[in-house]
Amino acid sequence: MKRRTSSPTIRLRAFYPGRRAEFFSKLACVQVNNSRFAERVPSASRTLPHRTLRAGLAALLFATVAVSAAACSSSGMSLDDMGKLRNIDGGTAMTIPALWAGTSSDGTEVGGIEAAVVKVLAHKDGVNPVDLISIDSAGAGPQWRAATVQAAAVATLLSARNPQDIDLGFTVTGPIDGPSAGGILTVGILANLTQTPLLRGVTMTGTISPDGSIGEVGGVPTKLAAAAAAGYTTAVVPEGSFLGMDEKTGTQFTVADVKKSLGITVVPVRTVFEAFTTLTGEVYAAAPPVPVEPSASSEAAIESTTRAMASRLAIAVASAPAGIDSDTLQLATSSVATMQSQIVLNEWARAYGVGAFAYLRLARASGAAEAQGWVDAQGIDAAKTRLQTEVQTALAEATAARDSAVANVGSQLEDVIYLPGALGWATYAIASYQGVLDDLAVSTSADAIVRAGRILSEERVGVRDMLPDALTVLAGMPSRTRVPSEKVRTFMAGYADLLERAGDANVDYYVTLAGNDLRADGTFADDAMTASIAQLKKNIAAAPEPTTMDETLTATATALTYYVMSTGYLAGAQSYGLELRDADLRASAFSQMMDKAVDSGAVTVEAFADWLRAEDLTVGYPLWCSRWGTAGAIEYRGTAQAGNAAWVGLNETWYDAVSLFMLTAISSEGASDATNTG
């Protein structure tokens, strides 16, 4: 988070200041909130059981905003007042100490503490979900607004609360910007909902991601100096944060160095759960000491889909078209052998993860070879026309597959809640095809035609093969919880709205920083993701208000994909330094951050799955998807395909985490009529 003047100069940069130890003596200021807002009171909250979480990190390096001045002021709020719960008219409020850093007009790095107020209020009508539009704070910049929206969305998901029951509000003292308060804002919301005050003298910096991971930020040394100068004794930072550097020795400061120089304890964390424990002294949720085992029926479905994947991969290798990329063909060939060896060991997640990734990559390479053949034989214009026809056909196929899955969904609670995540294969394909058509309309080069062929082929196997696999495992779960359909439909409609608004905030944030709208450019330089996300946004805006369960499931699937993809796009561009090389290879400038993101999300999924299983709910489908996505990402670490594999694993993790958050929320309020023991 960065303090800014009313007329900031916005520029993207990685803010990693290298300063010797004496910079710690800089005078920092404490920003204190003195605003007054309308006030309301929440209904009673339900918390997750208090258990310890051991999770990995999603280390996100967000760009910062350079400021032309950083003013320091104080309203006299003491450390004793920070983090205390107070009753207000309509709810509860808490003032949280969010660290910020910026650059003054003379280039001096300055920092301080923004005393941001977090309010949890009872929703007036209990119909509309948490409003992510009107929670903006006066004077706050686009990065701060995006951070508040992410915090509101993630905290609502993690809180096991129906978004239709609560409103959230944030107040800041004046012009401020930056995403690095997302973590402490999320903790503040959870602390409000669980009626848990913050410990005295503890502050935090760090972004928040959809799976609850705390991500990397810049300006940490300056923020630590500010915290120490303001009297704070503990500062929570993302694990792996740059704490400063001694230029004389060329070594980076350690936690012990900071403690010695500033007298402040630095606590690195990986997830919002770890941050919650440090900031409150309480424990929010726990990863299971023993992994949750799938049921016999889930295991049978997992085995059958894994064997089917091995068979189709072998067939695809044998029938690969002439002119296919040799490296990808070799990857797929070796993956067939890896799959077989893992199947013998009953290592289903690793076998499927390796095979699914290789199958998707082989489809891309095959699509490129086929499109290149069209260009060579028919010329660019004819190849383009043929490709447009193929995409239109694939679009109809994906739409039909989605609608069929919705129409045939099981009648149990877990089936309904998990289906939108499973439909991601079709939902994203639909938007991707629409984006490809937009890009093709302005494409003029052979390279663009070949890139479009890659996308078409990959999305086709996603719909034709990956979606049926997902539905097979989903149907194989022994779901037991009956659904009162209208209550569940209303609940899901509320979550769809929540996820749509969070996606909109991501897009608005990206557009503000990038300086241009998301739109097709005819080059497919970003794998048509820009055009695809723009299409998701258009599809949501064009859809009528859902009134039936089928319409609500479709709307929720679209909203979930929009949220996951827009978050991934924003994180990929800024946090992981992802770029698409040679139109086919994702390379990350911060690969370790992507790896930690995958690991963190996987552990979060395991933690919530364990809790839900203890509540007698079925968790086989999201557990399976998270496990195979994670296994595939781990398999390719350190290779040229690491960025691509991590991207697949990360997206699987986010879909699964949000699905489990939704089930936790609805099960916490007694959504089921009864439990079927059959």
# chains A, B, ... in the order shown; residues from 1 in each chain; ligands from 1

$ select_by_dssp --residues "stretch 78-279 of chain A" --states "strand (DSSP E)" --output "CSV table (one decimal) with N, CA and C atoms, in the first residue's frame"
chain,number,residue,atom,x,y,z
A,85,LEU,N,-12.5,-4.3,18.8
A,85,LEU,CA,-13.8,-4.3,18.2
A,85,LEU,C,-14.7,-3.3,19.0
A,86,ARG,N,-15.5,-2.6,18.2
A,86,ARG,CA,-16.4,-1.6,18.8
A,86,ARG,C,-17.8,-1.8,18.1
A,87,ASN,N,-18.8,-1.7,18.9
A,87,ASN,CA,-20.2,-1.8,18.4
A,87,ASN,C,-20.5,-0.4,17.8
A,88,ILE,N,-21.1,-0.5,16.6
A,88,ILE,CA,-21.7,0.7,16.0
A,88,ILE,C,-23.1,0.4,15.6
A,91,GLY,N,-23.7,-2.8,13.4
A,91,GLY,CA,-22.7,-3.8,13.2
A,91,GLY,C,-21.5,-3.5,14.1
A,92,THR,N,-20.4,-4.0,13.7
A,92,THR,CA,-19.1,-3.8,14.5
A,92,THR,C,-18.1,-3.1,13.6
A,93,ALA,N,-17.1,-2.5,14.2
A,93,ALA,CA,-16.1,-1.8,13.4
A,93,ALA,C,-14.7,-2.1,14.1
A,94,MET,N,-13.7,-2.0,13.4
A,94,MET,CA,-12.3,-2.2,13.9
A,94,MET,C,-11.4,-1.4,13.1
A,95,THR,N,-10.5,-0.7,13.8
A,95,THR,CA,-9.5,0.1,13.1
A,95,THR,C,-8.2,-0.7,13.0
A,96,ILE,N,-7.7,-0.9,11.8
A,96,ILE,CA,-6.5,-1.8,11.6
A,96,ILE,C,-5.3,-1.0,11.1
A,97,PRO,N,-4.1,-1.3,11.5
A,97,PRO,CA,-2.9,-0.6,11.1
A,97,PRO,C,-2.3,-1.2,9.9
A,98,ALA,N,-2.6,-0.6,8.7
A,98,ALA,CA,-2.1,-1.1,7.4
A,98,ALA,C,-0.8,-0.3,7.0
A,99,LEU,N,0.3,-1.0,6.8
A,99,LEU,CA,1.5,-0.3,6.5
A,99,LEU,C,1.5,0.2,5.0
A,100,TRP,N,2.1,1.4,4.8
A,100,TRP,CA,2.2,1.9,3.4
A,100,TRP,C,3.6,2.4,3.3
A,101,ALA,N,4.0,2.6,2.0
A,101,ALA,CA,5.3,3.2,1.7
A,101,ALA,C,5.2,3.9,0.4
A,102,GLY,N,6.0,5.0,0.2
A,102,GLY,CA,5.9,5.8,-1.0
A,102,GLY,C,7.2,6.6,-1.2
A,103,THR,N,7.2,7.4,-2.2
A,103,THR,CA,8.3,8.3,-2.5
A,103,THR,C,7.9,9.7,-2.5
A,109,GLU,N,12.3,8.0,0.2
A,109,GLU,CA,11.3,6.9,0.6
A,109,GLU,C,10.7,7.2,1.9
A,110,VAL,N,9.4,7.2,2.0
A,110,VAL,CA,8.8,7.4,3.3
A,110,VAL,C,7.7,6.3,3.5
A,111,GLY,N,7.3,6.1,4.7
A,111,GLY,CA,6.3,5.1,5.0
A,111,GLY,C,5.5,5.6,6.2
A,112,GLY,N,4.5,4.8,6.5
A,112,GLY,CA,3.6,5.1,7.6
A,112,GLY,C,2.6,4.0,7.8
A,113,ILE,N,1.6,4.3,8.7
A,113,ILE,CA,0.6,3.4,9.0
A,113,ILE,C,-0.8,4.1,8.7
A,114,GLU,N,-1.5,3.5,7.8
A,114,GLU,CA,-2.9,3.9,7.6
A,114,GLU,C,-3.8,3.3,8.5
A,115,ALA,N,-4.5,4.1,9.3
A,115,ALA,CA,-5.5,3.5,10.3
A,115,ALA,C,-6.8,3.3,9.5
A,116,ALA,N,-6.9,2.3,8.8
A,116,ALA,CA,-8.1,2.0,8.0
A,116,ALA,C,-9.2,1.3,8.9
A,117,VAL,N,-10.4,1.8,8.7
A,117,VAL,CA,-11.5,1.2,9.5
A,117,VAL,C,-12.2,0.1,8.7
A,118,VAL,N,-12.4,-1.0,9.2
A,118,VAL,CA,-13.1,-2.1,8.6
A,118,VAL,C,-14.4,-2.3,9.4
A,119,LYS,N,-15.6,-2.3,8.6
A,119,LYS,CA,-16.9,-2.4,9.3
A,119,LYS,C,-17.6,-3.6,8.7
A,120,VAL,N,-18.2,-4.4,9.6
A,120,VAL,CA,-19.1,-5.5,9.1
A,120,VAL,C,-20.5,-5.2,9.6
A,121,LEU,N,-21.4,-5.1,8.7
A,121,LEU,CA,-22.7,-4.6,9.0
A,121,LEU,C,-23.8,-5.7,8.5
A,122,ALA,N,-24.9,-5.7,9.2
A,122,ALA,CA,-26.0,-6.6,8.8
A,122,ALA,C,-26.6,-6.1,7.5
A,166,ILE,N,-24.5,-10.0,5.0
A,166,ILE,CA,-23.6,-8.9,5.5
A,166,ILE,C,-23.3,-7.9,4.5
A,167,ASP,N,-22.9,-6.7,5.0
A,167,ASP,CA,-22.3,-5.6,4.2
A,167,ASP,C,-21.0,-5.4,4.8
A,168,LEU,N,-20.1,-4.9,4.0
A,168,LEU,CA,-18.7,-4.5,4.4
A,168,LEU,C,-18.4,-3.1,4.1
A,169,GLY,N,-17.7,-2.4,4.9
A,169,GLY,CA,-17.3,-1.0,4.7
A,169,GLY,C,-15.9,-0.8,5.0
A,170,PHE,N,-15.2,0.1,4.3
A,170,PHE,CA,-13.9,0.5,4.6
A,170,PHE,C,-13.8,2.0,4.6
A,171,THR,N,-13.0,2.5,5.5
A,171,THR,CA,-12.7,4.0,5.6
A,171,THR,C,-11.2,4.2,5.7
A,176,ILE,N,-4.8,7.6,-0.9
A,176,ILE,CA,-3.9,6.4,-0.6
A,176,ILE,C,-4.1,5.4,-1.7
A,177,ASP,N,-3.0,4.6,-2.0
A,177,ASP,CA,-3.2,3.7,-3.1
A,177,ASP,C,-2.2,2.5,-2.9
A,202,VAL,N,0.7,-5.0,16.7
A,202,VAL,CA,1.0,-5.8,15.5
A,202,VAL,C,0.4,-5.2,14.3
A,203,THR,N,1.2,-5.2,13.2
A,203,THR,CA,0.8,-4.6,12.0
A,203,THR,C,1.2,-5.5,10.8
A,204,MET,N,0.8,-5.2,9.6
A,204,MET,CA,1.0,-6.2,8.5
A,204,MET,C,1.1,-5.5,7.2
A,207,THR,N,-0.3,-8.7,0.0
A,207,THR,CA,-1.5,-8.8,-0.8
A,207,THR,C,-2.3,-10.1,-0.5
A,208,ILE,N,-3.5,-10.2,-1.1
A,208,ILE,CA,-4.3,-11.4,-0.9
A,208,ILE,C,-4.7,-11.9,-2.2
A,214,ILE,N,-1.0,-15.1,1.0
A,214,ILE,CA,-0.4,-13.7,1.2
A,214,ILE,C,0.7,-13.5,0.2
A,215,GLY,N,0.6,-12.5,-0.6
A,215,GLY,CA,1.6,-12.3,-1.6
A,215,GLY,C,2.6,-11.1,-1.4
A,234,THR,N,5.6,-5.9,16.4
A,234,THR,CA,5.6,-7.0,15.5
A,234,THR,C,5.1,-6.6,14.1
A,235,ALA,N,5.7,-7.0,13.1
A,235,ALA,CA,5.2,-6.8,11.7
A,235,ALA,C,5.1,-8.1,11.0
A,236,VAL,N,4.0,-8.3,10.4
A,236,VAL,CA,3.7,-9.5,9.6
A,236,VAL,C,4.0,-9.1,8.1
A,237,VAL,N,4.8,-9.9,7.5
A,237,VAL,CA,5.2,-9.7,6.1
A,237,VAL,C,5.1,-11.0,5.3
A,238,PRO,N,5.0,-10.9,4.0
A,238,PRO,CA,4.9,-12.2,3.2
A,238,PRO,C,6.3,-12.9,3.3
A,245,MET,N,19.1,-4.3,2.6
A,245,MET,CA,20.4,-4.8,2.3
A,245,MET,C,21.5,-3.9,2.8
A,246,ASP,N,22.5,-4.5,3.4
A,246,ASP,CA,23.7,-3.7,3.8
A,246,ASP,C,24.6,-3.6,2.6
A,251,THR,N,25.1,-8.0,1.7
A,251,THR,CA,24.2,-9.1,2.2
A,251,THR,C,22.8,-8.5,2.5
A,252,GLN,N,21.8,-9.3,2.4
A,252,GLN,CA,20.5,-8.9,2.7
A,252,GLN,C,20.2,-9.1,4.2
A,265,THR,N,9.9,-7.3,15.8
A,265,THR,CA,9.9,-8.7,15.4
A,265,THR,C,9.2,-8.9,14.1
A,266,VAL,N,9.8,-9.5,13.1
A,266,VAL,CA,9.3,-9.7,11.8
A,266,VAL,C,8.8,-11.1,11.7
A,267,VAL,N,7.5,-11.3,11.3
A,267,VAL,CA,6.9,-12.6,11.2
A,267,VAL,C,6.5,-12.9,9.8
A,268,PRO,N,7.3,-13.7,9.0
A,268,PRO,CA,6.9,-14.1,7.7
A,268,PRO,C,5.8,-15.0,7.7
A,269,VAL,N,4.8,-14.8,6.8
A,269,VAL,CA,3.6,-15.7,6.7
A,269,VAL,C,3.4,-16.1,5.2

$ residues_around --residues "A:Ala337" --least-positions-apart "5" --cutoff "10 Å" --atoms "only C-alpha atoms" --output "short mmCIF file (atom, residue, chain, number, x, y, z; two decimals) with C-alpha atoms, in the first residue's frame"
data_model
loop_
_atom_site.label_atom_id
_atom_site.label_comp_id
_atom_site.auth_asym_id
_atom_site.auth_seq_id
_atom_site.Cartn_x
_atom_site.Cartn_y
_atom_site.Cartn_z
CA ALA A 310 -3.30 -42.60 -20.59
CA ALA A 314 -0.97 -42.63 -26.39
CA ALA A 332 3.98 -36.22 -24.70
CA GLN A 342 2.60 -44.13 -11.91
CA ILE A 343 -0.54 -46.12 -12.66
CA ALA A 351 -0.31 -39.93 -13.40
CA GLY A 355 -0.87 -36.89 -18.66
#

$ closest_residue --among "A:Tyr621, A:Tyr510, A:Tyr495, A:Phe590" --to "A:Ala665" --atoms "only C-alpha atoms"
A:Tyr495

$ closest_residue --among "A:Ile302, A:Ala308, A:Ala640, A:Val442" --to "A:Ser588" --atoms "only C-alpha atoms"
A:Ala640

$ closest_atom_pairs --of "stretch 583-674 of chain A" --to "stretch 419-433 of chain A" --cutoff "9 Å" --atoms "only C-alpha atoms" --output "Markdown table"
| residue | atom | partner | partner_atom | distance |
| --- | --- | --- | --- | --- |
| A:Tyr621 | CA | A:Ala422 | CA | 8.8 |
| A:Pro622 | CA | A:Gly421 | CA | 8.4 |
| A:Glu652 | CA | A:Gly421 | CA | 8.8 |
| A:Tyr655 | CA | A:Gly421 | CA | 5.5 |
| A:Asp656 | CA | A:Gly421 | CA | 6.8 |
| A:Val658 | CA | A:Gly421 | CA | 8.3 |
| A:Ser659 | CA | A:Gly421 | CA | 6.5 |

$ closest_atom_pairs --of "stretch 408-524 of chain A" --to "stretch 547-550 of chain A" --cutoff "10 Å" --atoms "only C-alpha atoms" --output "CSV"
residue,atom,partner,partner_atom,distance
A:Asn408,CA,A:Asp550,CA,9.6
A:Val409,CA,A:Asp550,CA,9.2
A:Val416,CA,A:Met549,CA,9.3
A:Ser485,CA,A:Met549,CA,7.5
A:Glu486,CA,A:Met549,CA,7.7
A:Val488,CA,A:Met549,CA,8.6
A:Arg489,CA,A:Met549,CA,5.7
A:Thr490,CA,A:Met549,CA,8.9
A:Met492,CA,A:Met549,CA,9.1
A:Ala493,CA,A:Thr547,CA,9.0

$ write_last_selection --atoms "N, CA and C atoms" --output "mmCIF file, in the first residue's frame"
data_model
loop_
_atom_site.group_PDB
_atom_site.id
_atom_site.type_symbol
_atom_site.label_atom_id
_atom_site.label_comp_id
_atom_site.auth_asym_id
_atom_site.auth_seq_id
_atom_site.Cartn_x
_atom_site.Cartn_y
_atom_site.Cartn_z
ATOM 1 N N ASN A 408 -28.228 -32.021 -16.388
ATOM 2 C CA ASN A 408 -28.118 -33.373 -15.834
ATOM 3 C C ASN A 408 -27.367 -33.423 -14.507
ATOM 4 N N VAL A 409 -27.222 -32.300 -13.840
ATOM 5 C CA VAL A 409 -26.499 -32.271 -12.577
ATOM 6 C C VAL A 409 -27.241 -33.105 -11.530
ATOM 7 N N VAL A 416 -24.290 -29.817 -6.831
ATOM 8 C CA VAL A 416 -24.680 -28.492 -7.304
ATOM 9 C C VAL A 416 -23.577 -27.467 -7.050
ATOM 10 N N SER A 485 -33.879 -26.727 -3.005
ATOM 11 C CA SER A 485 -33.352 -26.107 -4.222
ATOM 12 C C SER A 485 -33.448 -24.590 -4.249
ATOM 13 N N GLU A 486 -34.547 -24.005 -3.814
ATOM 14 C CA GLU A 486 -34.664 -22.555 -3.930
ATOM 15 C C GLU A 486 -33.699 -21.839 -2.992
ATOM 16 N N VAL A 488 -30.769 -22.978 -2.033
ATOM 17 C CA VAL A 488 -29.445 -23.118 -2.640
ATOM 18 C C VAL A 488 -29.322 -22.228 -3.865
ATOM 19 N N ARG A 489 -30.379 -22.144 -4.662
ATOM 20 C CA ARG A 489 -30.333 -21.293 -5.853
ATOM 21 C C ARG A 489 -30.109 -19.836 -5.478
ATOM 22 N N THR A 490 -30.820 -19.367 -4.470
ATOM 23 C CA THR A 490 -30.652 -17.985 -4.029
ATOM 24 C C THR A 490 -29.251 -17.748 -3.487
ATOM 25 N N MET A 492 -26.497 -19.372 -4.333
ATOM 26 C CA MET A 492 -25.535 -19.371 -5.424
ATOM 27 C C MET A 492 -25.644 -18.100 -6.263
ATOM 28 N N ALA A 493 -26.834 -17.587 -6.425
ATOM 29 C CA ALA A 493 -27.001 -16.335 -7.158
ATOM 30 C C ALA A 493 -26.263 -15.205 -6.449
#

$ atom_distance --atom1 "atom CA of A:Met565" --atom2 "atom CA of A:Met339"
28.7 Å

$ atom_distance --atom1 "atom CA of A:Ala520" --atom2 "atom CA of A:Asp438"
5.9 Å

$ closest_residue --among "A:Ala502, A:Leu580, A:Ala396, A:Val292" --to "A:Val603" --atoms "only C-alpha atoms"
A:Val292
